[in-house]
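**Q** I am sharing structure-v9.cif, which consists of mmCIF, C-alpha atoms:
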data_data
loop_
_atom_site.label_atom_id
_atom_site.label_comp_id
_atom_site.auth_asym_id
_atom_site.auth_seq_id
_atom_site.Cartn_x
_atom_site.Cartn_y
_atom_site.Cartn_z
CA MET A 13 -5.99 143.71 115.73
CA ASN A 14 -3.36 143.81 112.98
CA ILE A 15 -1.81 147.23 113.34
CA CYS A 16 0.50 147.06 110.35
CA ARG A 17 -1.11 144.68 107.91
CA LYS A 18 0.40 146.24 104.84
CA ASN A 19 3.92 145.73 106.23
CA ARG A 20 3.76 142.30 107.80
CA LYS A 21 4.89 139.09 106.11
CA HIS A 22 2.11 136.55 106.47
CA ILE A 23 3.85 133.67 104.64
CA PRO A 24 7.44 132.57 105.49
CA ARG A 25 9.82 133.11 102.59
CA ALA A 26 10.78 129.44 102.30
CA ALA A 27 7.14 128.31 102.33
CA PHE A 28 6.25 130.95 99.78
CA GLY A 29 9.08 129.81 97.51
CA ALA A 30 7.73 126.26 97.65
CA LEU A 31 4.25 127.58 96.87
CA LEU A 32 5.59 129.39 93.79
CA ALA A 33 7.29 126.19 92.65
CA LEU A 34 3.91 124.51 92.58
CA ILE A 35 1.96 127.40 91.06
CA LEU A 36 4.26 128.61 88.30
CA PRO A 37 4.27 125.44 86.15
CA ALA A 38 0.47 125.53 86.10
CA ILE A 39 0.40 129.19 85.14
CA GLY A 40 2.65 128.59 82.16
CA ALA A 41 5.88 129.86 80.76
CA SER A 42 4.48 133.35 80.20
CA ALA A 43 4.20 133.87 83.95
CA ALA A 44 7.73 132.72 84.69
CA GLY A 45 9.21 136.12 83.93
CA ASN A 46 7.48 139.07 85.54
CA GLY A 47 4.50 137.07 86.79
CA ASP A 48 6.28 135.76 89.86
CA GLU A 49 7.14 139.30 90.93
CA GLU A 50 3.52 140.33 90.53
CA ILE A 51 2.41 137.42 92.72
CA MET A 52 5.01 138.25 95.39
CA ALA A 53 3.80 141.86 95.37
CA LEU A 54 0.52 140.58 96.83
CA TYR A 55 2.37 139.61 100.02
CA PHE A 56 5.39 141.90 100.20
CA ASP A 57 5.73 145.67 99.89
CA GLU A 58 8.86 146.54 97.90
CA GLU A 59 8.92 150.06 99.36
CA VAL A 60 9.18 148.90 102.98
CA VAL A 61 12.80 148.79 104.16
CA VAL A 62 13.98 146.94 107.27
CA GLN A 63 17.43 147.10 108.88
CA THR A 64 17.19 145.02 112.05
CA THR A 65 17.58 141.57 110.50
CA SER A 66 21.08 142.07 109.08
CA ARG A 67 22.04 145.61 110.29
CA ALA A 68 21.85 146.83 106.68
CA ALA A 69 18.79 148.55 105.21
CA GLN A 70 17.13 146.29 102.64
CA PRO A 71 13.63 145.76 101.22
CA LEU A 72 11.30 143.63 103.30
CA VAL A 73 10.86 141.34 100.29
CA ASP A 74 14.51 140.24 100.70
CA VAL A 75 14.17 139.38 104.40
CA ALA A 76 13.71 135.76 105.50
CA GLU A 77 12.87 136.47 109.16
CA ASN A 78 9.44 137.04 110.67
CA VAL A 79 9.35 140.84 110.97
CA THR A 80 6.67 143.24 112.16
CA ILE A 81 7.01 146.98 111.55
CA VAL A 82 5.10 149.59 113.55
CA GLU A 83 5.25 153.03 111.92
CA ALA A 84 4.78 156.42 113.61
CA GLU A 85 1.36 156.71 111.96
CA ASP A 86 0.32 153.37 113.50
CA ILE A 87 1.40 154.68 116.91
CA ARG A 88 -0.58 157.88 116.41
CA ARG A 89 -3.74 155.94 115.58
CA MET A 90 -3.31 153.79 118.70
CA ASN A 91 -3.10 156.90 120.88
CA ALA A 92 -0.38 155.00 122.74
CA ASN A 93 1.21 156.56 125.82
CA THR A 94 4.08 154.12 126.36
CA VAL A 95 6.19 151.59 124.49
CA SER A 96 4.30 148.83 126.33
CA ASP A 97 1.03 150.19 124.93
CA ILE A 98 2.46 149.81 121.43
CA LEU A 99 3.92 146.33 121.85
CA ARG A 100 0.75 145.06 123.50
CA GLN A 101 -1.01 145.47 120.13
CA VAL A 102 1.53 143.35 118.22
CA PRO A 103 0.53 139.68 117.72
CA GLY A 104 3.01 137.27 119.29
CA ILE A 105 4.18 139.69 122.02
CA PHE A 106 3.06 139.38 125.65
CA ILE A 107 3.61 142.26 128.08
CA SER A 108 4.31 141.14 131.64
CA SER A 109 2.90 144.11 133.54
CA PHE A 110 4.26 145.59 136.75
CA GLY A 111 2.28 148.60 137.88
CA TYR A 112 -0.76 150.50 136.74
CA ASP A 113 -1.83 153.42 134.55
CA TYR A 114 1.14 155.49 133.33
CA SER A 115 3.46 153.74 135.81
CA ASN A 116 3.05 150.37 134.07
CA ILE A 117 6.66 149.31 133.41
CA GLY A 118 5.93 146.00 131.71
CA THR A 119 8.55 143.80 130.05
CA ALA A 120 8.11 142.08 126.67
CA LEU A 121 8.10 138.35 125.91
CA ILE A 122 8.02 137.13 122.29
CA HIS A 123 6.40 133.79 121.44
CA GLY A 124 6.78 132.52 125.02
CA SER A 125 10.41 133.55 125.48
CA LYS A 126 11.82 134.90 128.73
CA TYR A 127 12.25 138.66 129.00
CA GLU A 128 16.05 138.36 129.11
CA HIS A 129 15.92 136.63 125.70
CA VAL A 130 14.45 139.73 124.01
CA THR A 131 17.02 142.34 123.01
CA PHE A 132 15.83 145.97 123.17
CA LEU A 133 17.63 148.59 121.09
CA LEU A 134 17.30 152.37 120.98
CA ASP A 135 19.29 154.05 118.21
CA GLY A 136 21.39 150.88 118.05
CA VAL A 137 22.19 150.85 121.78
CA ARG A 138 21.20 147.85 123.91
CA LEU A 139 18.91 148.73 126.80
CA ASN A 140 18.99 145.32 128.53
CA LYS A 141 20.53 145.52 131.98
CA PRO A 142 23.69 143.37 132.26
CA ALA A 143 22.88 141.37 135.40
CA ALA A 144 19.19 140.52 134.91
CA GLY A 145 18.74 141.24 131.20
CA ILE A 146 15.49 143.06 131.97
CA VAL A 147 14.32 146.23 130.20
CA TYR A 148 12.04 148.98 131.48
CA SER A 149 11.38 150.85 128.24
CA ASN A 150 8.53 153.16 129.29
CA PHE A 151 10.84 156.10 129.88
CA ILE A 152 11.07 156.50 126.07
CA PRO A 153 8.63 159.14 124.72
CA VAL A 154 6.54 157.64 121.94
CA LYS A 155 6.57 160.93 120.02
CA ILE A 156 10.27 160.56 119.11
CA ILE A 157 9.72 157.11 117.56
CA LYS A 158 9.90 156.89 113.78
CA ARG A 159 9.26 153.16 113.70
CA ILE A 160 9.70 149.98 115.70
CA GLU A 161 11.06 146.89 113.97
CA ILE A 162 10.34 143.61 115.73
CA VAL A 163 12.08 140.36 114.79
CA LYS A 164 10.16 137.40 116.20
CA GLY A 165 12.41 134.44 116.79
CA ALA A 166 16.12 133.99 117.32
CA ALA A 167 18.31 136.76 115.93
CA SER A 168 21.46 135.74 117.75
CA SER A 169 23.58 135.56 114.61
CA THR A 170 23.09 139.30 114.17
CA TRP A 171 22.70 140.68 117.71
CA GLY A 172 24.29 138.11 120.00
CA SER A 173 22.01 137.23 122.93
CA ALA A 174 18.62 137.46 121.23
CA LEU A 175 17.04 134.00 121.45
CA GLY A 176 13.49 135.35 121.69
CA GLY A 177 13.78 138.22 119.25
CA VAL A 178 14.68 141.88 118.87
CA VAL A 179 12.72 145.08 119.48
CA ASN A 180 14.53 147.89 117.63
CA ILE A 181 13.25 151.40 118.42
CA ILE A 182 14.33 153.80 115.67
CA THR A 183 13.97 157.53 116.35
CA LYS A 184 12.87 160.24 113.93
CA GLU A 185 15.24 161.71 111.35
CA PRO A 186 16.54 165.30 111.45
CA GLY A 187 14.77 167.80 109.24
CA THR A 188 16.29 169.79 106.38
CA TRP A 189 15.73 173.33 105.14
CA GLN A 190 13.03 171.86 102.89
CA THR A 191 11.22 170.12 105.77
CA VAL A 192 11.21 172.76 108.50
CA GLY A 193 8.36 172.19 110.91
CA GLY A 194 7.30 171.23 114.38
CA SER A 195 4.40 170.52 116.67
CA LEU A 196 3.12 171.43 120.13
CA SER A 197 0.46 169.42 121.93
CA THR A 198 -1.12 169.25 125.36
CA ALA A 199 -3.78 167.21 127.12
CA VAL A 200 -5.54 167.52 130.49
CA ALA A 201 -7.56 164.90 132.36
CA GLU A 202 -8.84 164.05 135.84
CA ASN A 203 -6.66 163.38 138.89
CA ASP A 204 -4.14 166.07 138.00
CA THR A 205 -3.24 164.29 134.77
CA TRP A 206 -1.71 166.43 132.06
CA GLU A 207 1.01 166.41 129.43
CA LEU A 208 2.85 168.94 127.32
CA GLU A 209 5.26 168.05 124.53
CA GLY A 210 6.68 169.58 121.41
CA ASP A 211 9.22 168.89 118.71
CA LEU A 212 11.03 170.89 116.07
CA ARG A 213 12.87 169.83 112.94
CA GLY A 214 14.78 171.87 110.44
CA SER A 215 18.20 172.97 109.25
CA LEU A 216 20.68 175.58 110.41
CA GLY A 217 23.28 176.05 107.73
CA GLU A 218 24.86 172.66 107.07
CA VAL A 219 23.41 171.06 110.20
CA ASP A 220 20.07 169.23 110.09
CA SER A 221 18.35 168.70 113.43
CA TYR A 222 15.45 167.20 115.36
CA LEU A 223 14.63 168.34 118.91
CA TYR A 224 12.01 167.10 121.36
CA ALA A 225 11.02 168.10 124.90
CA GLY A 226 8.08 166.84 126.91
CA THR A 227 6.63 166.34 130.36
CA ARG A 228 3.80 164.12 131.59
CA THR A 229 2.37 163.81 135.09
CA SER A 230 -0.56 162.06 136.73
CA ASP A 231 -1.83 161.09 140.18
CA GLY A 232 -3.23 157.94 138.57
CA LEU A 233 -6.71 156.52 138.50
CA TYR A 234 -6.55 154.82 141.91
CA LYS A 235 -4.54 154.79 145.13
CA ASP A 236 -2.46 157.83 144.24
CA ARG A 237 -0.52 156.11 141.47
CA PHE A 238 1.71 159.09 140.82
CA TYR A 239 3.76 159.25 137.62
CA ASP A 240 6.02 161.95 136.23
CA ASN A 241 8.22 161.85 133.13
CA ASP A 242 10.48 164.66 131.90
CA SER A 243 12.33 164.00 128.65
CA PHE A 244 14.63 165.73 126.20
CA TYR A 245 15.92 164.26 122.96
CA GLY A 246 18.04 165.82 120.24
CA LYS A 247 19.57 164.59 116.98
CA VAL A 248 21.85 166.59 114.65
CA ARG A 249 23.42 165.55 111.35
CA THR A 250 25.85 167.20 108.98
CA GLN A 251 27.30 166.26 105.61
CA LEU A 252 31.08 166.04 105.46
CA PRO A 253 33.44 165.93 102.45
CA ARG A 254 33.89 162.74 100.40
CA THR A 255 30.36 161.36 100.93
CA LEU A 256 30.87 161.24 104.71
CA ARG A 257 28.07 162.01 107.17
CA PHE A 258 28.16 162.59 110.94
CA THR A 259 25.17 162.10 113.27
CA PHE A 260 25.04 162.87 116.99
CA THR A 261 22.20 162.20 119.44
CA ALA A 262 21.73 163.10 123.09
CA ALA A 263 18.87 162.22 125.41
CA SER A 264 17.92 162.76 129.03
CA MET A 265 14.84 160.87 130.22
CA GLU A 266 13.68 160.69 133.83
CA ALA A 267 10.59 158.85 135.08
CA ASP A 268 9.26 158.86 138.65
CA TYR A 269 6.73 156.28 139.84
CA ARG A 270 4.69 155.93 143.01
CA HIS A 271 2.74 152.83 144.00
CA ILE A 272 4.09 150.78 141.10
CA GLY A 273 2.33 147.93 142.86
CA TYR A 274 -0.20 148.24 145.69
CA TYR A 275 -1.81 145.37 147.59
CA GLU A 276 -3.96 146.46 150.51
CA PRO A 277 -3.87 143.32 152.72
CA TRP A 278 -0.06 143.24 152.76
CA GLN A 279 0.38 147.04 152.91
CA PHE A 280 2.74 146.85 149.98
CA SER A 281 3.62 150.05 148.15
CA SER A 282 6.57 151.33 146.18
CA GLU A 283 8.13 154.35 144.58
CA GLY A 284 10.63 154.35 141.75
CA GLU A 285 12.95 156.77 140.00
CA ASP A 286 14.47 155.82 136.66
CA GLU A 287 17.06 158.24 135.23
CA ASN A 288 18.59 157.64 131.80
CA ILE A 289 21.23 159.52 129.83
CA LEU A 290 22.12 158.38 126.32
CA THR A 291 24.50 159.75 123.70
CA THR A 292 25.50 158.29 120.33
CA ALA A 293 27.87 159.39 117.57
CA VAL A 294 27.88 157.86 114.08
CA LEU A 295 30.21 158.45 111.13
CA ASP A 296 29.12 156.75 107.93
CA GLY A 297 29.73 157.01 104.21
CA THR A 298 30.29 155.20 100.92
CA LEU A 299 33.69 154.01 99.74
CA ASN A 300 32.61 153.09 96.19
CA ASP A 301 29.49 152.02 94.28
CA HIS A 302 29.28 148.74 96.21
CA LEU A 303 30.92 149.33 99.59
CA SER A 304 29.78 151.49 102.52
CA PHE A 305 30.81 151.72 106.17
CA SER A 306 29.59 152.90 109.56
CA LEU A 307 31.55 153.65 112.72
CA SER A 308 29.55 154.43 115.86
CA GLY A 309 30.08 154.94 119.57
CA HIS A 310 27.61 155.21 122.43
CA TYR A 311 27.34 155.97 126.14
CA LEU A 312 24.43 154.95 128.38
CA GLU A 313 23.91 155.77 132.05
CA ASN A 314 20.98 154.32 133.98
CA ASP A 315 20.23 155.01 137.67
CA LEU A 316 17.23 153.12 139.02
CA THR A 317 16.00 153.44 142.62
CA ILE A 318 12.96 151.66 144.04
CA ASP A 319 11.76 152.37 147.60
CA TYR A 320 9.14 149.95 148.83
CA GLY A 321 7.26 149.06 151.98
CA PHE A 322 5.93 145.71 153.14
CA PHE A 323 3.95 145.24 156.37
CA GLY A 324 5.12 148.68 157.41
CA GLN A 325 8.81 147.94 156.87
CA ASP A 326 10.62 150.22 154.43
CA SER A 327 13.37 149.14 152.10
CA SER A 328 15.29 150.49 149.14
CA TYR A 329 16.83 148.93 146.05
CA THR A 330 19.28 150.77 143.80
CA TYR A 331 20.78 149.86 140.47
CA ASP A 332 23.47 151.99 138.81
CA GLN A 333 24.76 151.15 135.35
CA GLU A 334 27.18 152.68 132.86
CA ARG A 335 27.70 151.35 129.33
CA LEU A 336 30.31 152.42 126.81
CA GLY A 337 30.59 150.80 123.41
CA ALA A 338 31.51 151.03 119.73
CA THR A 339 30.51 149.28 116.51
CA PHE A 340 32.13 149.09 113.06
CA LEU A 341 30.18 147.88 110.01
CA LEU A 342 31.09 147.22 106.38
CA THR A 343 28.28 146.64 103.87
CA TRP A 344 28.91 145.31 100.37
CA ARG A 345 26.09 145.24 97.81
CA ALA A 346 26.52 143.65 94.40
CA GLY A 347 24.24 141.55 92.25
CA ARG A 348 22.09 139.31 94.43
CA HIS A 349 24.24 139.74 97.55
CA THR A 350 24.13 142.09 100.52
CA ILE A 351 27.03 141.19 102.81
CA VAL A 352 27.39 142.85 106.22
CA ALA A 353 30.56 142.34 108.29
CA GLY A 354 31.48 144.05 111.50
CA ALA A 355 32.89 144.12 115.01
CA GLU A 356 31.38 145.36 118.24
CA ILE A 357 32.42 145.95 121.84
CA ASP A 358 30.41 146.94 124.94
CA ARG A 359 31.81 147.56 128.42
CA ASP A 360 29.38 147.64 131.36
CA GLU A 361 29.77 148.53 135.00
CA GLU A 362 26.96 148.20 137.53
CA ILE A 363 26.34 148.33 141.27
CA ASP A 364 23.31 146.75 142.97
CA SER A 365 22.27 147.25 146.59
CA ASP A 366 19.32 146.36 148.82
CA ASN A 367 19.27 147.90 152.29
CA ILE A 368 16.66 145.54 153.79
CA ARG A 369 19.22 142.76 153.82
CA GLY A 370 22.26 144.99 154.17
CA TYR A 371 23.25 143.80 150.72
CA ARG A 372 25.60 145.67 148.45
CA ALA A 373 27.14 143.85 145.54
CA ASP A 374 30.68 144.42 144.40
CA ARG A 375 31.02 146.46 141.25
CA ILE A 376 30.18 144.17 138.35
CA GLN A 377 32.18 144.59 135.16
CA GLU A 378 31.17 142.94 131.93
CA GLU A 379 32.73 143.16 128.49
CA TYR A 380 30.89 142.02 125.39
CA ARG A 381 32.86 141.45 122.17
CA ALA A 382 31.58 140.24 118.82
CA VAL A 383 32.72 139.72 115.24
CA PHE A 384 30.06 138.83 112.70
CA ILE A 385 29.33 138.47 109.00
CA ASN A 386 26.07 137.69 107.22
CA ASP A 387 24.93 137.53 103.60
CA THR A 388 21.46 138.09 102.22
CA ILE A 389 21.03 136.42 98.83
CA ARG A 390 18.08 137.52 96.74
#
Can you turn what I pasted into structure tokens?
**A**
Amino acid sequence: MNICRKNRKHIPRAAFGALLALILPAIGASAAGNGDEEIMALYFDEEVVVQTTSRAAQPLVDVAENVTIVEAEDIRRMNANTVSDILRQVPGIFISSFGYDYSNIGTALIHGSKYEHVTFLLDGVRLNKPAAGIVYSNFIPVKIIKRIEIVKGAASSTWGSALGGVVNIITKEPGTWQTVGGSLSTAVAENDTWELEGDLRGSLGEVDSYLYAGTRTSDGLYKDRFYDNDSFYGKVRTQLPRTLRFTFTAASMEADYRHIGYYEPWQFSSEGEDENILTTAVLDGTLNDHLSFSLSGHYLENDLTIDYGFFGQDSSYTYDQERLGATFLLTWRAGRHTIVAGAEIDRDEEIDSDNIRGYRADRIQEEYRAVFINDTIR
């Protein structure tokens, strides 16, 4: 099932260029002007913009990487409940499942990569855990997602450790006084399964905003697979003098799982609690007709606890993480070039413990620093 056929690139850019080199001489000189653009329009949509490949928004036609874009409308048609439900429909992505029903906290592998080789981003913030590199992304409500951009293949030159690819989850934009609106939805099913969620977008004076709140709970389809998720997400944006713009986001997302895995002969069961707090602040603007900049900071706190039993013996695993970081970008556009240069720093602290072995790791500190520059030549 191709969920975003109109947006996907079916022919690599280099191969397509070679194909044009063979076709155009046969077509004749009259096709050498606008004809090549008409042919390329059969495969690329000029209106589709992607930002994950170089960190600067640019038309998909200018992108050399293998990119898949999943829009909010695609997600709505899927009737997806989790991020794993969405990614499972994308060709080239395999979801390694752990759990059942709503409590399925699968991890993504792209084209046979390992899960730690796939970088997950939410509003530009890495979600991969420092020690294991794993990501449990199902705490993210699908209703706040504007689009998901997926780069299949190495994107290390842009994002550092991303040998398998990048999954970039981009949230919805704030509304304005011209686009005031909102929605409220609910659903009820068997086994005490129900959900209630709503969002609101609009403008209050000079401040544009988007707000979301939702809850979802279920006893599961089998073996009391309990799941509960309570989420809040907010984004505000205001225009400042001299073409400057400030955007702030805050999110609190908590998911509780019971019987993430259950195997009767071994009497294995587990419960999990995954608490996430995320804030970001972005100041961006244009310096002249060709040069723009972005300065952002973020804070992420993740507390994960898993209690499990095996042959009647109880144990507990905890993982506490804090991440603080900042990114500076300069983008220069002129002629055929789009040059992006920047610097980035992330500082992580985490504590792991497992009481079945009396294990408690020392506090792990990790600092990630990067300087990068890339040029897209049309």
**Q** As a check of understanding, name the residues that the PyMOL selection byres ((chain A and resi 126-135) around 6) selects in the supplied structure, as a PDB file with C-alpha atoms, in the coordinates of the input.
**A**
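Writing done, so here's out.pdb:
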ATOM      1  CA  ALA A 120       8.110 142.080 126.670  1.00  0.00           C
ATOM      2  CA  LEU A 121       8.100 138.350 125.910  1.00  0.00           C
ATOM      3  CA  SER A 125      10.410 133.550 125.480  1.00  0.00           C
ATOM      4  CA  GLY A 136      21.390 150.880 118.050  1.00  0.00           C
ATOM      5  CA  VAL A 137      22.190 150.850 121.780  1.00  0.00           C
ATOM      6  CA  ARG A 138      21.200 147.850 123.910  1.00  0.00           C
ATOM      7  CA  LEU A 139      18.910 148.730 126.800  1.00  0.00           C
ATOM      8  CA  GLY A 145      18.740 141.240 131.200  1.00  0.00           C
ATOM      9  CA  ILE A 146      15.490 143.060 131.970  1.00  0.00           C
ATOM     10  CA  ALA A 174      18.620 137.460 121.230  1.00  0.00           C
ATOM     11  CA  LEU A 175      17.040 134.000 121.450  1.00  0.00           C
ATOM     12  CA  GLY A 176      13.490 135.350 121.690  1.00  0.00           C
ATOM     13  CA  GLY A 177      13.780 138.220 119.250  1.00  0.00           C
ATOM     14  CA  VAL A 178      14.680 141.880 118.870  1.00  0.00           C
ATOM     15  CA  VAL A 179      12.720 145.080 119.480  1.00  0.00           C
ATOM     16  CA  ASN A 180      14.530 147.890 117.630  1.00  0.00           C
ATOM     17  CA  ILE A 181      13.250 151.400 118.420  1.00  0.00           C
ATOM     18  CA  ILE A 182      14.330 153.800 115.670  1.00  0.00           C
TER      19      ILE A 182
END
**Q** Quick check on the file I pasted: which residues fall under the PyMOL selection byres ((chain A and resi 61) around 6)? Write them as a PyMOL selection string.
**A** chain A and resi 60+62+70-72
**Q** Can you tell me which residues surround Phe238 of chain A at a distance of at most 6 Å, considering all atoms listed in the file, apart from same-chain residues fewer than 5 positions away, and format the answer as a ChimeraX atom specification?
**A** /A:230-232,269-270
**Q** Extract, using only C-alpha atoms, all DNA, RNA and protein residues at most 10 Å from Arg213 of chain A, discarding same-chain residues fewer than 3 positions from it, and format them as a PyMOL selection string.
**A** chain A and resi 184-189+191-195+220-224+246-248
**Q** On this structure, the PyMOL selection byres ((chain A and resi 203-210) around 10) would catch which residues? List them as a ChimeraX atom specification, sorted by chain and number.
**A** /A:114,153,155-156,194-202,211-212,223-234,236-244
**Q** Taking into account all atoms listed in the file, which residue in the set A:Arg381, A:Arg159, A:Arg88, A:Arg249 is nearest to Trp171 of chain A?
**A** A:Arg381
**Q** Just the residues within 6 Å of Thr291 of chain A, please, counting only C-alpha atoms, with nothing from its chain fewer than 4 positions along; format it as a ChimeraX atom specification.
**A** /A:261-262,310-311
**Q** How would you write as a list in words the residues that get within 10 Å of (17.9, 131.9, 111.5) in the file's frame, counting only C-alpha atoms?
**A** Thr65, Ala76, Glu77, Asn78, Gly165, Ala166, Ala167, Ser168, Ser169 and Thr170 of chain A
**Q** Rounded to one decimal place, report the atom CA of Val82 of chain A-atom CA of Glu59 of chain A distance in Å.
**A**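 These two atoms are separated by 14.7 Å.
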**Q** Between atom CA of Glu378 of chain A and atom CA of Val95 of chain A, what is the distance in Å, rounded to a tenth?
**A**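 If I compute the distance from atom CA of Glu378 of chain A to atom CA of Val95 of chain A, I get 27.5 Å.
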**Q** Could you state the separation of atom CA of Thr292 of chain A and atom CA of Val147 of chain A in Å, given to one decimal place?
**A**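 It comes out at 19.2 Å.
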**Q** List the spatial neighbours of Leu256 of chain A as a list in words - criterion: any atom at most 12 Å away, only C-alpha atoms, same-chain residues fewer than 5 positions off excluded.
**A**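 Within the cut-off, the hits are Arg249, Thr250, Gln251, Val294, Leu295, Asp296, Gly297, Thr298, Leu299, Asn300, Ser304, Phe305, Ser306 and Leu307 of chain A.
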**Q** Using only C-alpha atoms, can you list as a PyMOL selection string the residues within 6 Å of (25.8, 146.3, 105.3)?
**A** chain A and resi 68+342-344+351-352
**Q** Nearest residue to Ala92 of chain A out of A:Ile157, A:Ile105, A:Phe323, A:Ala144, using all atoms listed in the file?
**A**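 Residue with the minimum atom-to-atom distance to Ala92 of chain A: A:Ile157.
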**Q** Of the candidates A:Val219, A:Ile162, A:Ala293, A:Ile376, which shows the shortest atom-to-atom distance to Ile363 of chain A, using only C-alpha atoms?
**A**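 Closest residue, counting only C-alpha atoms: A:Ile376.
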**Q** As a tab-separated table (two decimals) with C-alpha atoms, keeping the file's coordinate frame, please: the residues near Glu83 of chain A (cut-off 9 Å, all atoms listed in the file, same-chain neighbours under 2 positions excluded).
**A**
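The resulting out.tsv:
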chain	number	residue	atom	x	y	z
A	16	CYS	CA	0.50	147.06	110.35
A	81	ILE	CA	7.01	146.98	111.55
A	85	GLU	CA	1.36	156.71	111.96
A	86	ASP	CA	0.32	153.37	113.50
A	87	ILE	CA	1.40	154.68	116.91
A	88	ARG	CA	-0.58	157.88	116.41
A	157	ILE	CA	9.72	157.11	117.56
A	158	LYS	CA	9.90	156.89	113.78
A	159	ARG	CA	9.26	153.16	113.70
A	160	ILE	CA	9.70	149.98	115.70
A	161	GLU	CA	11.06	146.89	113.97
**Q** Let me make sure I understand: among A:Tyr329, A:Phe258, A:Thr339, A:Gly118, which one has the smallest atom-to-atom distance to Ser365 of chain A if we use all atoms listed in the file?
**A**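 Among the listed residues, the smallest separation from Ser365 of chain A belongs to A:Tyr329.
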